[in-house]
Amino acid sequence: MTASKSSRARNARSGAQAGSARNSAARNGSAARNGSAARNGSAARNGSAARNGVAARNGPAAKGDITAKTAGGPRGRATAGNGLDTRTAGTGPAVWVQLTTFALALAGLGVSIYLTIAHFSESTLLGCSETKGLVNCTKVTTSAQSYVFGIPVAVLGVAFYLFAVAIMSPWAWRAARREIHLVRIASLVVGIGFVLYLLYAELFIIGSICLYCTSVHVITFLIFVLTMFATAAWGLKPGAAWPQRLTPRALAGQRPAPQATS
């Protein structure tokens, strides 16, 4: 009887110890699993953050920043808002076209101002014959055809070339607004039409020509041809920038940096 009770007590103690061991193992396993999960979760979070960091540095955000910098300036916003591709900005008429048309417009304005002064002062034009031959400036400038709607043709020439100087300036050629380039073409079509009328009046109505008037006609024709050529070759695009590479500071900035020698 006593031995049986002792045996049962030992069995009970063994069972309790076994249960305690199982509970401990369960707790350790759970902790291990939880720790692993925590570590894996941390690693996942860290990995995601790392990947996100790389994407932020090298991904679409960086490209978006570049695009924003490219198209965010005043020129980019203007071209985007007027149907002009920002990628073609600066690929319009070459600088020599801009400068040539601008210089011709200034020359036309100078001759027109001189003709206006001579008209109102009734002075003789320098270097222009007044004979009865084909060249007779006085006959042309004092004829009925020297007025249009009661306005002297010389004054109309000054008004036209004041506008031409503005519209043919390099700043206007480089404008991003499409309307400016369309107005330039329209004004020259009107101008060349008026020149054809004046040539007809000189040759077939007056019977004489004026050298100064003819020089204005030639200048208008040259500007018209250059503008039409620029439109056909480059389209209605903003013109190229000034040749800044020709300035000393730009040349200094374009020189390659000296390479370090080992």
# chains A, B, ... in the order shown; residues from 1 in each chain; ligands from 1
>>> residues_around(residues="A:Thr227", least_positions_apart="5", cutoff="9 Å", atoms="only C-alpha atoms", output="NGL selection string")
:A and (97 or 101 or 184-185 or 188 or 222 or 232)
>>> residues_around(residues="A:Leu226", least_positions_apart="3", cutoff="12 Å", atoms="only C-alpha atoms", output="mmCIF file with all heavy atoms, in the first residue's frame")
data_model
loop_
_atom_site.group_PDB
_atom_site.id
_atom_site.type_symbol
_atom_site.label_atom_id
_atom_site.label_comp_id
_atom_site.auth_asym_id
_atom_site.auth_seq_id
_atom_site.Cartn_x
_atom_site.Cartn_y
_atom_site.Cartn_z
ATOM 1 N N PRO A 93 14.387 79.161 -86.781
ATOM 2 C CA PRO A 93 15.315 79.818 -87.707
ATOM 3 C C PRO A 93 16.676 80.074 -87.078
ATOM 4 O O PRO A 93 16.785 80.434 -85.912
ATOM 5 C CB PRO A 93 14.590 81.121 -88.043
ATOM 6 C CG PRO A 93 13.148 80.791 -87.881
ATOM 7 C CD PRO A 93 13.084 79.821 -86.749
ATOM 8 N N ALA A 94 17.709 79.891 -87.877
ATOM 9 C CA ALA A 94 19.078 80.060 -87.396
ATOM 10 C C ALA A 94 19.341 81.521 -87.036
ATOM 11 O O ALA A 94 18.609 82.435 -87.437
ATOM 12 C CB ALA A 94 20.067 79.600 -88.464
ATOM 13 N N TRP A 96 21.626 83.523 -88.052
ATOM 14 C CA TRP A 96 21.934 84.416 -89.167
ATOM 15 C C TRP A 96 20.658 84.929 -89.831
ATOM 16 O O TRP A 96 20.625 86.071 -90.328
ATOM 17 C CB TRP A 96 22.826 83.716 -90.197
ATOM 18 C CG TRP A 96 22.171 82.603 -90.970
ATOM 19 C CD1 TRP A 96 22.168 81.280 -90.665
ATOM 20 C CD2 TRP A 96 21.429 82.733 -92.197
ATOM 21 N NE1 TRP A 96 21.459 80.568 -91.609
ATOM 22 C CE2 TRP A 96 21.006 81.437 -92.568
ATOM 23 C CE3 TRP A 96 21.079 83.812 -93.006
ATOM 24 C CZ2 TRP A 96 20.252 81.184 -93.703
ATOM 25 C CZ3 TRP A 96 20.324 83.574 -94.150
ATOM 26 C CH2 TRP A 96 19.925 82.265 -94.481
ATOM 27 N N VAL A 97 19.594 84.137 -89.836
ATOM 28 C CA VAL A 97 18.319 84.600 -90.382
ATOM 29 C C VAL A 97 17.748 85.709 -89.510
ATOM 30 O O VAL A 97 17.273 86.742 -90.007
ATOM 31 C CB VAL A 97 17.327 83.426 -90.496
ATOM 32 C CG1 VAL A 97 15.947 83.926 -90.932
ATOM 33 C CG2 VAL A 97 17.835 82.381 -91.470
ATOM 34 N N GLN A 98 17.797 85.506 -88.206
ATOM 35 C CA GLN A 98 17.288 86.509 -87.283
ATOM 36 C C GLN A 98 18.029 87.841 -87.437
ATOM 37 O O GLN A 98 17.409 88.901 -87.547
ATOM 38 C CB GLN A 98 17.427 86.002 -85.851
ATOM 39 C CG GLN A 98 16.731 84.678 -85.584
ATOM 40 C CD GLN A 98 17.047 84.166 -84.191
ATOM 41 O OE1 GLN A 98 17.149 84.939 -83.254
ATOM 42 N NE2 GLN A 98 17.219 82.866 -84.040
ATOM 43 N N LEU A 99 19.354 87.765 -87.449
ATOM 44 C CA LEU A 99 20.145 88.992 -87.503
ATOM 45 C C LEU A 99 20.036 89.684 -88.861
ATOM 46 O O LEU A 99 20.009 90.912 -88.941
ATOM 47 C CB LEU A 99 21.608 88.671 -87.182
ATOM 48 C CG LEU A 99 21.871 88.115 -85.782
ATOM 49 C CD1 LEU A 99 23.356 87.849 -85.585
ATOM 50 C CD2 LEU A 99 21.357 89.070 -84.720
ATOM 51 N N THR A 100 19.961 88.903 -89.944
ATOM 52 C CA THR A 100 19.864 89.495 -91.283
ATOM 53 C C THR A 100 18.546 90.222 -91.463
ATOM 54 O O THR A 100 18.505 91.365 -91.960
ATOM 55 C CB THR A 100 20.030 88.415 -92.354
ATOM 56 O OG1 THR A 100 21.282 87.762 -92.192
ATOM 57 C CG2 THR A 100 19.952 89.021 -93.751
ATOM 58 N N THR A 101 17.442 89.595 -91.084
ATOM 59 C CA THR A 101 16.142 90.245 -91.223
ATOM 60 C C THR A 101 16.033 91.472 -90.312
ATOM 61 O O THR A 101 15.433 92.481 -90.690
ATOM 62 C CB THR A 101 15.016 89.259 -90.895
ATOM 63 O OG1 THR A 101 15.240 88.668 -89.604
ATOM 64 C CG2 THR A 101 14.940 88.148 -91.933
ATOM 65 N N PHE A 102 16.629 91.395 -89.139
ATOM 66 C CA PHE A 102 16.610 92.541 -88.223
ATOM 67 C C PHE A 102 17.392 93.715 -88.808
ATOM 68 O O PHE A 102 16.942 94.872 -88.769
ATOM 69 C CB PHE A 102 17.190 92.124 -86.881
ATOM 70 C CG PHE A 102 17.123 93.176 -85.819
ATOM 71 C CD1 PHE A 102 15.930 93.802 -85.511
ATOM 72 C CD2 PHE A 102 18.262 93.549 -85.115
ATOM 73 C CE1 PHE A 102 15.859 94.784 -84.522
ATOM 74 C CE2 PHE A 102 18.207 94.520 -84.128
ATOM 75 C CZ PHE A 102 17.005 95.137 -83.834
ATOM 76 N N LEU A 104 18.015 94.271 -92.007
ATOM 77 C CA LEU A 104 17.274 94.785 -93.166
ATOM 78 C C LEU A 104 16.108 95.663 -92.719
ATOM 79 O O LEU A 104 15.827 96.707 -93.338
ATOM 80 C CB LEU A 104 16.766 93.621 -94.016
ATOM 81 C CG LEU A 104 17.824 92.870 -94.826
ATOM 82 C CD1 LEU A 104 17.222 91.618 -95.460
ATOM 83 C CD2 LEU A 104 18.427 93.779 -95.909
ATOM 84 N N ALA A 105 15.435 95.268 -91.648
ATOM 85 C CA ALA A 105 14.331 96.076 -91.143
ATOM 86 C C ALA A 105 14.823 97.440 -90.650
ATOM 87 O O ALA A 105 14.176 98.472 -90.890
ATOM 88 C CB ALA A 105 13.606 95.333 -90.022
ATOM 89 N N MET A 168 10.869 91.550 -86.449
ATOM 90 C CA MET A 168 12.040 90.880 -86.998
ATOM 91 C C MET A 168 13.208 90.838 -86.012
ATOM 92 O O MET A 168 14.281 90.343 -86.362
ATOM 93 C CB MET A 168 12.520 91.594 -88.281
ATOM 94 C CG MET A 168 11.551 91.517 -89.423
ATOM 95 S SD MET A 168 11.253 89.816 -89.956
ATOM 96 C CE MET A 168 9.771 90.037 -90.928
ATOM 97 N N ARG A 184 3.893 87.890 -88.238
ATOM 98 C CA ARG A 184 5.047 88.269 -89.060
ATOM 99 C C ARG A 184 4.792 87.926 -90.523
ATOM 100 O O ARG A 184 5.029 88.747 -91.428
ATOM 101 C CB ARG A 184 6.298 87.551 -88.565
ATOM 102 C CG ARG A 184 7.545 87.900 -89.383
ATOM 103 C CD ARG A 184 8.741 87.062 -88.988
ATOM 104 N NE ARG A 184 9.128 87.287 -87.605
ATOM 105 C CZ ARG A 184 8.976 86.396 -86.627
ATOM 106 N NH1 ARG A 184 8.458 85.205 -86.889
ATOM 107 N NH2 ARG A 184 9.356 86.693 -85.402
ATOM 108 N N ILE A 185 4.302 86.727 -90.770
ATOM 109 C CA ILE A 185 4.039 86.304 -92.145
ATOM 110 C C ILE A 185 2.937 87.149 -92.769
ATOM 111 O O ILE A 185 3.052 87.609 -93.917
ATOM 112 C CB ILE A 185 3.663 84.810 -92.173
ATOM 113 C CG1 ILE A 185 4.863 83.970 -91.714
ATOM 114 C CG2 ILE A 185 3.234 84.387 -93.565
ATOM 115 C CD1 ILE A 185 4.538 82.505 -91.536
ATOM 116 N N LEU A 188 4.102 90.654 -93.751
ATOM 117 C CA LEU A 188 4.956 90.674 -94.935
ATOM 118 C C LEU A 188 4.162 90.405 -96.209
ATOM 119 O O LEU A 188 4.508 90.935 -97.281
ATOM 120 C CB LEU A 188 6.072 89.645 -94.781
ATOM 121 C CG LEU A 188 7.171 90.067 -93.802
ATOM 122 C CD1 LEU A 188 8.160 88.932 -93.592
ATOM 123 C CD2 LEU A 188 7.901 91.300 -94.307
ATOM 124 N N ILE A 219 14.407 95.917 -100.091
ATOM 125 C CA ILE A 219 14.555 95.467 -98.706
ATOM 126 C C ILE A 219 13.331 94.656 -98.277
ATOM 127 O O ILE A 219 13.446 93.588 -97.657
ATOM 128 C CB ILE A 219 14.764 96.674 -97.770
ATOM 129 C CG1 ILE A 219 16.147 97.285 -98.016
ATOM 130 C CG2 ILE A 219 14.618 96.268 -96.309
ATOM 131 C CD1 ILE A 219 16.373 98.595 -97.282
ATOM 132 N N THR A 220 12.145 95.160 -98.623
ATOM 133 C CA THR A 220 10.918 94.439 -98.274
ATOM 134 C C THR A 220 10.885 93.071 -98.940
ATOM 135 O O THR A 220 10.490 92.065 -98.317
ATOM 136 C CB THR A 220 9.683 95.260 -98.688
ATOM 137 O OG1 THR A 220 9.767 96.563 -98.128
ATOM 138 C CG2 THR A 220 8.409 94.581 -98.231
ATOM 139 N N PHE A 221 11.303 93.022 -100.201
ATOM 140 C CA PHE A 221 11.315 91.744 -100.917
ATOM 141 C C PHE A 221 12.294 90.757 -100.268
ATOM 142 O O PHE A 221 11.982 89.571 -100.107
ATOM 143 C CB PHE A 221 11.694 91.984 -102.382
ATOM 144 C CG PHE A 221 11.805 90.723 -103.190
ATOM 145 C CD1 PHE A 221 10.667 90.038 -103.597
ATOM 146 C CD2 PHE A 221 13.046 90.218 -103.534
ATOM 147 C CE1 PHE A 221 10.766 88.869 -104.338
ATOM 148 C CE2 PHE A 221 13.161 89.050 -104.270
ATOM 149 C CZ PHE A 221 12.015 88.370 -104.673
ATOM 150 N N LEU A 222 13.474 91.230 -99.878
ATOM 151 C CA LEU A 222 14.457 90.338 -99.250
ATOM 152 C C LEU A 222 13.948 89.799 -97.912
ATOM 153 O O LEU A 222 14.117 88.612 -97.602
ATOM 154 C CB LEU A 222 15.778 91.083 -99.056
ATOM 155 C CG LEU A 222 16.565 91.421 -100.329
ATOM 156 C CD1 LEU A 222 17.805 92.244 -99.978
ATOM 157 C CD2 LEU A 222 16.961 90.143 -101.070
ATOM 158 N N ILE A 223 13.335 90.678 -97.107
ATOM 159 C CA ILE A 223 12.791 90.217 -95.826
ATOM 160 C C ILE A 223 11.684 89.188 -96.061
ATOM 161 O O ILE A 223 11.590 88.172 -95.343
ATOM 162 C CB ILE A 223 12.254 91.418 -95.012
ATOM 163 C CG1 ILE A 223 13.401 92.346 -94.628
ATOM 164 C CG2 ILE A 223 11.532 90.933 -93.761
ATOM 165 C CD1 ILE A 223 12.947 93.592 -93.895
ATOM 166 N N PHE A 229 11.411 81.546 -96.459
ATOM 167 C CA PHE A 229 12.394 80.454 -96.408
ATOM 168 C C PHE A 229 12.496 79.877 -95.004
ATOM 169 O O PHE A 229 12.540 78.660 -94.811
ATOM 170 C CB PHE A 229 13.756 80.967 -96.872
ATOM 171 C CG PHE A 229 14.898 80.034 -96.549
ATOM 172 C CD1 PHE A 229 15.070 78.852 -97.259
ATOM 173 C CD2 PHE A 229 15.781 80.328 -95.516
ATOM 174 C CE1 PHE A 229 16.112 77.984 -96.948
ATOM 175 C CE2 PHE A 229 16.820 79.476 -95.207
ATOM 176 C CZ PHE A 229 16.989 78.291 -95.924
ATOM 177 N N ALA A 230 12.537 80.758 -93.995
ATOM 178 C CA ALA A 230 12.623 80.294 -92.612
ATOM 179 C C ALA A 230 11.393 79.480 -92.230
ATOM 180 O O ALA A 230 11.495 78.461 -91.540
ATOM 181 C CB ALA A 230 12.796 81.488 -91.673
ATOM 182 N N THR A 231 10.225 79.915 -92.686
ATOM 183 C CA THR A 231 9.006 79.183 -92.367
ATOM 184 C C THR A 231 8.987 77.814 -93.037
ATOM 185 O O THR A 231 8.587 76.819 -92.429
ATOM 186 C CB THR A 231 7.778 79.995 -92.808
ATOM 187 O OG1 THR A 231 7.816 81.283 -92.180
ATOM 188 C CG2 THR A 231 6.495 79.287 -92.436
ATOM 189 N N ALA A 232 9.447 77.765 -94.286
ATOM 190 C CA ALA A 232 9.475 76.483 -94.986
ATOM 191 C C ALA A 232 10.518 75.532 -94.405
ATOM 192 O O ALA A 232 10.305 74.325 -94.344
ATOM 193 C CB ALA A 232 9.746 76.715 -96.479
ATOM 194 N N ALA A 233 11.653 76.078 -93.972
ATOM 195 C CA ALA A 233 12.743 75.226 -93.489
ATOM 196 C C ALA A 233 12.568 74.800 -92.042
ATOM 197 O O ALA A 233 12.873 73.670 -91.675
ATOM 198 C CB ALA A 233 14.088 75.954 -93.670
ATOM 199 N N TRP A 234 12.095 75.723 -91.185
ATOM 200 C CA TRP A 234 12.029 75.433 -89.753
ATOM 201 C C TRP A 234 10.615 75.390 -89.202
ATOM 202 O O TRP A 234 10.410 74.917 -88.090
ATOM 203 C CB TRP A 234 12.838 76.477 -88.977
ATOM 204 C CG TRP A 234 14.303 76.334 -89.148
ATOM 205 C CD1 TRP A 234 15.114 75.414 -88.562
ATOM 206 C CD2 TRP A 234 15.159 77.142 -89.971
ATOM 207 N NE1 TRP A 234 16.416 75.602 -88.964
ATOM 208 C CE2 TRP A 234 16.473 76.656 -89.831
ATOM 209 C CE3 TRP A 234 14.937 78.231 -90.806
ATOM 210 C CZ2 TRP A 234 17.551 77.212 -90.493
ATOM 211 C CZ3 TRP A 234 16.015 78.786 -91.470
ATOM 212 C CH2 TRP A 234 17.304 78.283 -91.316
#
>>> closest_residue(among="A:Val189, A:Leu109, A:Leu182, A:Ala175", to="A:Val155", atoms="only C-alpha atoms")
A:Leu109
>>> atom_distance(atom1="atom CA of A:Ser169", atom2="atom CA of A:Phe120")
29.2 Å
>>> residues_around(residues="A:Ser146", least_positions_apart="3", cutoff="12 Å", atoms="only C-alpha atoms", output="PyMOL selection string")
chain A and resi 115-116+119+137-143+149-157+197-199+201-202+205-206+209-210+213
>>> atom_distance(atom1="atom CA of A:Gly133", atom2="atom CA of A:Phe204")
14.1 Å
>>> closest_residue(among="A:Trp173, A:Tyr147, A:Phe160, A:Tyr114", to="A:Val190", atoms="only C-alpha atoms")
A:Phe160
>>> select_by_dssp(residues="stretch 128-157 of chain A", states="alpha helix (DSSP H)", output="number ranges by chain")
A: 137-141, 153-157
>>> closest_residue(among="A:Leu125, A:Gly239, A:Leu106, A:Val135", to="A:Ala166", atoms="only C-alpha atoms")
A:Leu106
